[in-house]
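Participant: Below is the structure I would like to discuss, written out as structure tokens.
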Amino acid sequence: MKVAVIGCGYVGLVTGAGLASIGHHVVGVESDPQRLAAISVGTPPFHEPGLPALLESGLRDGAFEATADLDRIVEADVVFVAVQTPPGENGSIDLSFVREAARRAAETLATQPRRRVLAIRSTVLPGTTDALRTLFDDRTAVAANPEFLQEGTAVQDFLRSDRIVVGVHEAWARELLAELYAPLGAPFVASTPATAELAKYASNALLATLISFSNEFASISESFPDVDVEEVLGAVHLDRRLSPRVDGAVVRPGILAFLKAGCGYGGSCLPKDLSALIASRQAAGEEHPLLEAVRTVNDSQAGRVVGLLERSLGNLAGRPIGVLGLAFKAGTDDVRTSPGLRAVEELLTRGAEVFAYDPLVRLEAVLPWREQGLTLVDGVQELMSKVQGCLIATGDPAFAAVADVAALHGTLLLDGRRLLAADELGSRHLAVGRAVPHGPGDDDAGTPVPS
Ligand SMILES: NC(=O)c1ccc[n+]([C@@H]2O[C@H](COP(=O)([O-])OP(=O)(O)OC[C@H]3O[C@@H](n4cnc5c(N)ncnc54)[C@H](O)[C@@H]3O)[C@@H](O)[C@H]2O)c1
């Protein structure tokens with residue numbers, strides 16, 4: 001089938017290269033010249049495991065082409081819109097990129113009218129896809145087809161999709177999209193456009209809720225001297241409705257990774273999507289206290305985590321403090337709404353001298369924080385040699401030996417992701433969801449917590 005994808009970012013490029021790898025011919029349209037130049041020579045403009053190989057084979061076989069020329073979409077049976085939907089004012093969704101891409105697509109497709117599907121891959125609020133239908137003639141069906149991939153595992157998430165969700169009114173368009181995705185062998189969920197759109201928000205809101213629920217229990221656990229949230233949630237996980245027994249073995253579903261305390265959720269989707277949904281409902285005069293509480297807990301988490309260091313070390317002003325992990329999670333270079341960077345901001349506000357290391361994040365991606373005083377270093381060793389206390393903000397594999405390195409330098413660790421084994425953590429180091437051993441450290445002694 002002939003496919004076009006407008007917008008070759010995380011979602012568009014994975015969708016395009018992925019569809020090319022299962023037998024379709026894909027034209028990717030990208031308006032950013034730097035991104036386009038990189039994609040055209042087989043180099044994705046962001047870090048995503050497996051994507052360079054997928055892109056390179058698509059380009060080599062002629063199954064995938066990248067262009068700035070929007071006119072090329074007239075060749076396609078299915079045109080995807082995968083452009084950004086960033087936060088606008090007060091967290092509301094900025095739909096200007098989607099509207100502009102759809103408007104220009106409608107103009108272009110009108111030059112050669114025939115039956116086609118225009119599928120909105122971007123995350124958009126319920127009602128958006130139906131509103132866009134007015135731009136197109138009635139030969140073009142407009143569908144909602146949200147993407148559920150996670151950065152860091154995006155290629156596998158696409159090629160082994162849990163489900164393909166399609167909302168479209170025309171039966172022929174539904175069948176065309178079912179045929180397009182058939183080689184993936186994923187369950188095909190057909191619905192109205194608004195249902196498909198809301199399913200994406202419900203999915204992200206559930207993940208955000210589990211994370212804030214876990215962090216609320218981390219906060220409660222920290223008020224007892226002998227409670228560790230890892231043990232509390234570990235006991236919850238073993239409920240067989242969460243960890244079923246299959247042939248006598250306990251199955252640990254991936255969802256349990258979200259029922260875990262940490263530095264809070266971040267990234268380009270969860271915070272933005274939750275805020276967009278809340279803002280749209282508020283605009284409609286509706287309150288949704290559960291979703292608002294999920295966001296409130298998350299907004300305060302970085303400050304709470306940094307507060308643990310402060311309670312142990314005392315006043316942080318002038319103290320050298322490290323942060324390991326500036327991307328919003330391990331396995332990506334994406335720093336959008338990163339909990340590690342939120343922690344950097346909290347530390348800078350408290351006057352700390354802040355050093356950080358992340359193996360994937362580029363210098364230019366964190367320029368605004370560097371301008372505020374953040375110093376990047378080249379590795380875990382160098383970081384530990386400079387700081388008195390250090391927050392582990394992501395689980396990057398490069399941080400595997402951090403406990404040994406911290407021991408060498410006498411650095412106090414704060415495990416903000418609950419990655420360290422109990423013997424590495426011991427009673428010496430700090431962890432989210434565990435009480436600070438020696439209470440408020442307001443004497444400013446500057447010494448790490450003794451073993
Ligand atoms: N990143 C994720 O993990 C993820 C997962 C699921 C859904 N989503 C959703 O998918 C959408 C895209 O997200 P992303 O992370 O891929 O964004 P992105 O910013 O990485 O990519 C968007 C791309 O579209 C290009 N673009 C914008 N307008 C264009 C136009 N008119 N013509 C051609 N190119 C244009 C931009 O230059 C950019 O390269 C968003 O709505 C997001 O919420 C993202």
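Each chain in the structure tokens gets a letter, A, B and so on, in the order shown; residues start at 1 in every chain, and ligands are counted from 1 in the order they appear.
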Show me, as JSON lines, the residues of chain A having an atom within 8 Å of ligand 1, each with the closest atom pair and its distance in Å, using only C-alpha atoms and all ligand atoms.
Facilitator:
```
{"residue": "A:Ile6", "atom": "CA", "partner": "ligand 1", "partner_atom_place_in_ligand_line": "33 (C)", "distance": 4.9}
{"residue": "A:Gly7", "atom": "CA", "partner": "ligand 1", "partner_atom_place_in_ligand_line": "24 (O)", "distance": 3.2}
{"residue": "A:Cys8", "atom": "CA", "partner": "ligand 1", "partner_atom_place_in_ligand_line": "39 (O)", "distance": 4.8}
{"residue": "A:Gly9", "atom": "CA", "partner": "ligand 1", "partner_atom_place_in_ligand_line": "21 (O)", "distance": 3.2}
{"residue": "A:Tyr10", "atom": "CA", "partner": "ligand 1", "partner_atom_place_in_ligand_line": "16 (O)", "distance": 3.6}
{"residue": "A:Val11", "atom": "CA", "partner": "ligand 1", "partner_atom_place_in_ligand_line": "16 (O)", "distance": 3.8}
{"residue": "A:Gly12", "atom": "CA", "partner": "ligand 1", "partner_atom_place_in_ligand_line": "16 (O)", "distance": 5.7}
{"residue": "A:Leu13", "atom": "CA", "partner": "ligand 1", "partner_atom_place_in_ligand_line": "16 (O)", "distance": 7.5}
{"residue": "A:Val29", "atom": "CA", "partner": "ligand 1", "partner_atom_place_in_ligand_line": "33 (C)", "distance": 5.2}
{"residue": "A:Glu30", "atom": "CA", "partner": "ligand 1", "partner_atom_place_in_ligand_line": "34 (N)", "distance": 3.8}
{"residue": "A:Ser31", "atom": "CA", "partner": "ligand 1", "partner_atom_place_in_ligand_line": "33 (C)", "distance": 4.1}
{"residue": "A:Asp32", "atom": "CA", "partner": "ligand 1", "partner_atom_place_in_ligand_line": "37 (O)", "distance": 4.5}
{"residue": "A:Arg35", "atom": "CA", "partner": "ligand 1", "partner_atom_place_in_ligand_line": "39 (O)", "distance": 6.4}
{"residue": "A:Ala68", "atom": "CA", "partner": "ligand 1", "partner_atom_place_in_ligand_line": "33 (C)", "distance": 7.0}
{"residue": "A:Leu70", "atom": "CA", "partner": "ligand 1", "partner_atom_place_in_ligand_line": "32 (N)", "distance": 7.4}
{"residue": "A:Ala82", "atom": "CA", "partner": "ligand 1", "partner_atom_place_in_ligand_line": "12 (C)", "distance": 5.1}
{"residue": "A:Val83", "atom": "CA", "partner": "ligand 1", "partner_atom_place_in_ligand_line": "24 (O)", "distance": 3.8}
{"residue": "A:Gln84", "atom": "CA", "partner": "ligand 1", "partner_atom_place_in_ligand_line": "12 (C)", "distance": 4.1}
{"residue": "A:Thr85", "atom": "CA", "partner": "ligand 1", "partner_atom_place_in_ligand_line": "41 (O)", "distance": 4.3}
{"residue": "A:Pro86", "atom": "CA", "partner": "ligand 1", "partner_atom_place_in_ligand_line": "41 (O)", "distance": 7.2}
{"residue": "A:Phe97", "atom": "CA", "partner": "ligand 1", "partner_atom_place_in_ligand_line": "28 (N)", "distance": 5.3}
{"residue": "A:Val98", "atom": "CA", "partner": "ligand 1", "partner_atom_place_in_ligand_line": "28 (N)", "distance": 7.2}
{"residue": "A:Glu100", "atom": "CA", "partner": "ligand 1", "partner_atom_place_in_ligand_line": "31 (N)", "distance": 6.1}
{"residue": "A:Ala101", "atom": "CA", "partner": "ligand 1", "partner_atom_place_in_ligand_line": "31 (N)", "distance": 4.2}
{"residue": "A:Ala102", "atom": "CA", "partner": "ligand 1", "partner_atom_place_in_ligand_line": "31 (N)", "distance": 8.0}
{"residue": "A:Arg104", "atom": "CA", "partner": "ligand 1", "partner_atom_place_in_ligand_line": "31 (N)", "distance": 7.5}
{"residue": "A:Arg121", "atom": "CA", "partner": "ligand 1", "partner_atom_place_in_ligand_line": "10 (O)", "distance": 6.2}
{"residue": "A:Ser122", "atom": "CA", "partner": "ligand 1", "partner_atom_place_in_ligand_line": "41 (O)", "distance": 3.5}
{"residue": "A:Thr123", "atom": "CA", "partner": "ligand 1", "partner_atom_place_in_ligand_line": "41 (O)", "distance": 3.9}
{"residue": "A:Val124", "atom": "CA", "partner": "ligand 1", "partner_atom_place_in_ligand_line": "41 (O)", "distance": 6.5}
{"residue": "A:Pro146", "atom": "CA", "partner": "ligand 1", "partner_atom_place_in_ligand_line": "7 (C)", "distance": 6.7}
{"residue": "A:Glu147", "atom": "CA", "partner": "ligand 1", "partner_atom_place_in_ligand_line": "6 (C)", "distance": 4.7}
{"residue": "A:Phe148", "atom": "CA", "partner": "ligand 1", "partner_atom_place_in_ligand_line": "6 (C)", "distance": 4.8}
{"residue": "A:Leu149", "atom": "CA", "partner": "ligand 1", "partner_atom_place_in_ligand_line": "5 (C)", "distance": 5.0}
{"residue": "A:Gln150", "atom": "CA", "partner": "ligand 1", "partner_atom_place_in_ligand_line": "3 (O)", "distance": 4.8}
{"residue": "A:Glu151", "atom": "CA", "partner": "ligand 1", "partner_atom_place_in_ligand_line": "3 (O)", "distance": 4.7}
{"residue": "A:Ala154", "atom": "CA", "partner": "ligand 1", "partner_atom_place_in_ligand_line": "3 (O)", "distance": 7.5}
{"residue": "A:Gly267", "atom": "CA", "partner": "ligand 1", "partner_atom_place_in_ligand_line": "3 (O)", "distance": 7.6}
{"residue": "A:Ser268", "atom": "CA", "partner": "ligand 1", "partner_atom_place_in_ligand_line": "1 (N)", "distance": 5.8}
{"residue": "A:Cys269", "atom": "CA", "partner": "ligand 1", "partner_atom_place_in_ligand_line": "43 (O)", "distance": 5.3}
{"residue": "A:Lys272", "atom": "CA", "partner": "ligand 1", "partner_atom_place_in_ligand_line": "43 (O)", "distance": 7.7}
{"residue": "A:Asp273", "atom": "CA", "partner": "ligand 1", "partner_atom_place_in_ligand_line": "43 (O)", "distance": 7.1}
```
Participant: May I have the residues within 10 Å of A:Tyr265 as a PyMOL selection string, using only C-alpha atoms and disregarding those fewer than 2 positions away in the same chain?
Facilitator: chain A and resi 207-209+211-212+258+262-263+267+269-271+295+298-299+301-302+328-329+337-339
Participant: Could the residues in this selection be saved with all heavy atoms as a short mmCIF file (atom, residue, chain, number, x, y, z; two decimals), in the first residue's frame?
Facilitator:
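out06.cif was written with the following content:
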```cif
data_model
loop_
_atom_site.label_atom_id
_atom_site.label_comp_id
_atom_site.auth_asym_id
_atom_site.auth_seq_id
_atom_site.Cartn_x
_atom_site.Cartn_y
_atom_site.Cartn_z
N LEU A 207 -1.53 5.35 33.62
CA LEU A 207 -0.10 5.21 33.97
C LEU A 207 0.31 6.31 34.95
O LEU A 207 0.99 6.06 35.94
CB LEU A 207 0.77 5.25 32.71
CG LEU A 207 0.48 4.16 31.66
CD1 LEU A 207 1.37 4.33 30.45
CD2 LEU A 207 0.65 2.77 32.26
N ALA A 208 -0.13 7.54 34.66
CA ALA A 208 0.21 8.67 35.54
C ALA A 208 -0.39 8.46 36.93
O ALA A 208 0.25 8.74 37.95
CB ALA A 208 -0.31 9.97 34.93
N THR A 209 -1.60 7.93 36.98
CA THR A 209 -2.27 7.70 38.26
C THR A 209 -1.52 6.68 39.10
O THR A 209 -1.31 6.86 40.31
CB THR A 209 -3.73 7.23 38.02
OG1 THR A 209 -4.39 8.22 37.24
CG2 THR A 209 -4.47 7.03 39.33
N ILE A 211 1.63 5.99 38.98
CA ILE A 211 2.89 6.57 39.45
C ILE A 211 2.63 7.51 40.64
O ILE A 211 3.32 7.44 41.66
CB ILE A 211 3.62 7.30 38.29
CG1 ILE A 211 4.07 6.26 37.25
CG2 ILE A 211 4.82 8.09 38.80
CD1 ILE A 211 4.60 6.86 35.96
N SER A 212 1.64 8.37 40.51
CA SER A 212 1.36 9.30 41.63
C SER A 212 0.85 8.54 42.86
O SER A 212 1.18 8.90 43.99
CB SER A 212 0.36 10.38 41.20
OG SER A 212 1.04 11.36 40.44
N PHE A 258 4.96 0.66 36.78
CA PHE A 258 4.36 1.97 37.05
C PHE A 258 3.84 2.07 38.48
O PHE A 258 3.51 3.13 38.96
CB PHE A 258 3.23 2.25 36.05
CG PHE A 258 3.75 2.42 34.66
CD1 PHE A 258 4.01 1.32 33.85
CD2 PHE A 258 4.04 3.68 34.16
CE1 PHE A 258 4.53 1.47 32.58
CE2 PHE A 258 4.55 3.85 32.89
CZ PHE A 258 4.80 2.74 32.10
N GLY A 262 9.24 6.80 42.70
CA GLY A 262 10.37 7.36 41.95
C GLY A 262 10.37 8.87 42.02
O GLY A 262 9.88 9.46 42.99
N CYS A 263 10.93 9.47 40.97
CA CYS A 263 11.04 10.95 40.93
C CYS A 263 9.82 11.59 40.28
O CYS A 263 9.81 12.79 40.05
CB CYS A 263 12.28 11.36 40.15
SG CYS A 263 13.80 10.88 40.90
N GLY A 267 8.56 13.35 30.54
CA GLY A 267 8.53 13.00 29.12
C GLY A 267 7.60 13.90 28.34
O GLY A 267 7.01 14.85 28.87
N CYS A 269 4.78 13.08 26.89
CA CYS A 269 3.37 12.70 26.77
C CYS A 269 2.57 12.79 28.08
O CYS A 269 1.59 13.53 28.14
CB CYS A 269 3.25 11.29 26.20
SG CYS A 269 3.76 11.22 24.49
N LEU A 270 2.98 12.04 29.10
CA LEU A 270 2.12 11.94 30.30
C LEU A 270 1.76 13.31 30.89
O LEU A 270 0.58 13.60 31.07
CB LEU A 270 2.76 11.02 31.35
CG LEU A 270 2.25 9.57 31.38
CD1 LEU A 270 2.28 8.90 30.03
CD2 LEU A 270 3.01 8.75 32.40
N PRO A 271 2.75 14.17 31.19
CA PRO A 271 2.38 15.46 31.80
C PRO A 271 1.52 16.32 30.87
O PRO A 271 0.51 16.89 31.29
CB PRO A 271 3.73 16.15 32.06
CG PRO A 271 4.75 15.07 31.97
CD PRO A 271 4.20 14.03 31.05
N ARG A 295 -1.86 15.03 39.11
CA ARG A 295 -0.91 16.05 38.63
C ARG A 295 -0.25 16.79 39.80
O ARG A 295 0.95 17.03 39.79
CB ARG A 295 -1.64 17.04 37.72
CG ARG A 295 -0.71 18.13 37.19
CD ARG A 295 -1.35 18.97 36.14
NE ARG A 295 -2.50 19.72 36.64
CZ ARG A 295 -3.20 20.57 35.90
NH1 ARG A 295 -2.88 20.74 34.64
NH2 ARG A 295 -4.23 21.21 36.40
N ASN A 298 2.45 14.75 41.32
CA ASN A 298 3.62 14.69 40.44
C ASN A 298 4.40 16.00 40.43
O ASN A 298 5.63 15.99 40.44
CB ASN A 298 3.19 14.33 39.02
CG ASN A 298 4.37 13.81 38.22
OD1 ASN A 298 4.95 12.80 38.57
ND2 ASN A 298 4.74 14.52 37.18
N ASP A 299 3.67 17.11 40.43
CA ASP A 299 4.35 18.41 40.38
C ASP A 299 5.23 18.63 41.61
O ASP A 299 6.22 19.35 41.56
CB ASP A 299 3.32 19.55 40.29
CG ASP A 299 2.71 19.66 38.91
OD1 ASP A 299 3.21 18.98 37.98
OD2 ASP A 299 1.72 20.39 38.74
N GLN A 301 6.77 16.19 43.34
CA GLN A 301 7.66 15.06 43.64
C GLN A 301 9.14 15.42 43.59
O GLN A 301 9.91 15.02 44.45
CB GLN A 301 7.34 13.88 42.70
CG GLN A 301 8.02 12.57 43.08
CD GLN A 301 7.58 12.02 44.45
OE1 GLN A 301 6.69 12.55 45.09
NE2 GLN A 301 8.24 10.97 44.89
N ALA A 302 9.56 16.20 42.59
CA ALA A 302 10.99 16.55 42.49
C ALA A 302 11.42 17.33 43.73
O ALA A 302 12.49 17.07 44.31
CB ALA A 302 11.26 17.36 41.23
N PHE A 328 14.25 12.06 30.40
CA PHE A 328 13.11 11.83 31.29
C PHE A 328 13.05 10.39 31.78
O PHE A 328 12.37 10.08 32.75
CB PHE A 328 11.80 12.28 30.64
CG PHE A 328 11.17 11.31 29.68
CD1 PHE A 328 10.26 10.36 30.12
CD2 PHE A 328 11.48 11.36 28.32
CE1 PHE A 328 9.67 9.48 29.22
CE2 PHE A 328 10.90 10.49 27.43
CZ PHE A 328 9.99 9.54 27.89
N LYS A 329 13.83 9.51 31.10
CA LYS A 329 13.98 8.14 31.59
C LYS A 329 15.19 7.53 30.88
O LYS A 329 15.74 8.14 29.94
CB LYS A 329 12.72 7.31 31.32
CG LYS A 329 12.43 7.08 29.85
CD LYS A 329 11.26 6.14 29.67
CE LYS A 329 11.08 5.83 28.19
NZ LYS A 329 9.99 4.92 27.91
N THR A 337 10.17 17.68 29.84
CA THR A 337 9.57 17.48 31.18
C THR A 337 10.28 16.37 31.94
O THR A 337 9.65 15.44 32.47
CB THR A 337 8.04 17.18 31.08
OG1 THR A 337 7.52 17.74 29.91
CG2 THR A 337 7.32 17.74 32.28
N SER A 338 11.59 16.50 32.04
CA SER A 338 12.39 15.47 32.70
C SER A 338 12.40 15.65 34.22
O SER A 338 12.71 16.74 34.71
CB SER A 338 13.82 15.55 32.16
OG SER A 338 14.73 15.15 33.14
N PRO A 339 12.08 14.59 34.99
CA PRO A 339 12.16 14.71 36.45
C PRO A 339 13.57 15.05 36.92
O PRO A 339 13.74 15.79 37.91
CB PRO A 339 11.75 13.31 36.94
CG PRO A 339 10.93 12.75 35.84
CD PRO A 339 11.52 13.30 34.57
#
```
Participant: Could you check how far atom CA of A:Leu198 sits from atom CA of A:Gln282, in Å to one decimal?
Facilitator: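 Distance between the two atoms: 16.0 Å.
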Participant: Leaving out A:Gly62 and any residue of its chain fewer than 5 positions from it, which residues lie within 10 Å of it when counting only C-alpha atoms, given as a PyMOL selection string?
Facilitator: chain A and resi 20+25-27+56-57
Participant: Excluding A:Ala106 and residues on its chain fewer than 2 positions from it, collect all residues at most 10 Å away from it, counting only C-alpha atoms, and give them as a list in words.
Facilitator: Glu100, Ala101, Ala102, Arg103, Arg104, Thr108, Leu109, Ala110, Thr111, Pro113, Leu118, Leu132, Arg133, Thr134, Leu135, Phe136, Asp137 and Thr140 of chain A
Participant: Calculate how many Å separate atom CA of A:Leu413 from atom CA of A:His429, rounding to one decimal.
Facilitator: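 Value for the atom CA of A:Leu413-atom CA of A:His429 distance: 5.2 Å.
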Participant: Looking at A:Asp358, A:Asp157, A:Glu292, A:Glu216, which one is nearest to A:Thr15, with distances taken over only C-alpha atoms?
Facilitator: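 For A:Thr15, the nearest of the candidates is A:Asp157.
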Participant: Going by DSSP on the backbone, which residues of stretch 290-392 of chain A come out as strand (DSSP E or B)? List them as a ChimeraX atom specification.
Facilitator: /A:320-324,353-357,375-376,389-392
Participant: Residues within 10 Å of stretch 40-51 of chain A, please, as number ranges by chain. Count only C-alpha atoms; anything in the same chain fewer than 4 positions from it doesn't count.
Facilitator: A: 8-10, 13-14, 17-18, 28, 34-36, 55-60, 64-67, 151-156, 331-334, 360-361
Participant: Find, counting only C-alpha atoms, the residue in A:Gly248, A:Gly167, A:Gly16, A:Gly351 that gets nearest to A:Val142.
Facilitator: A:Gly167
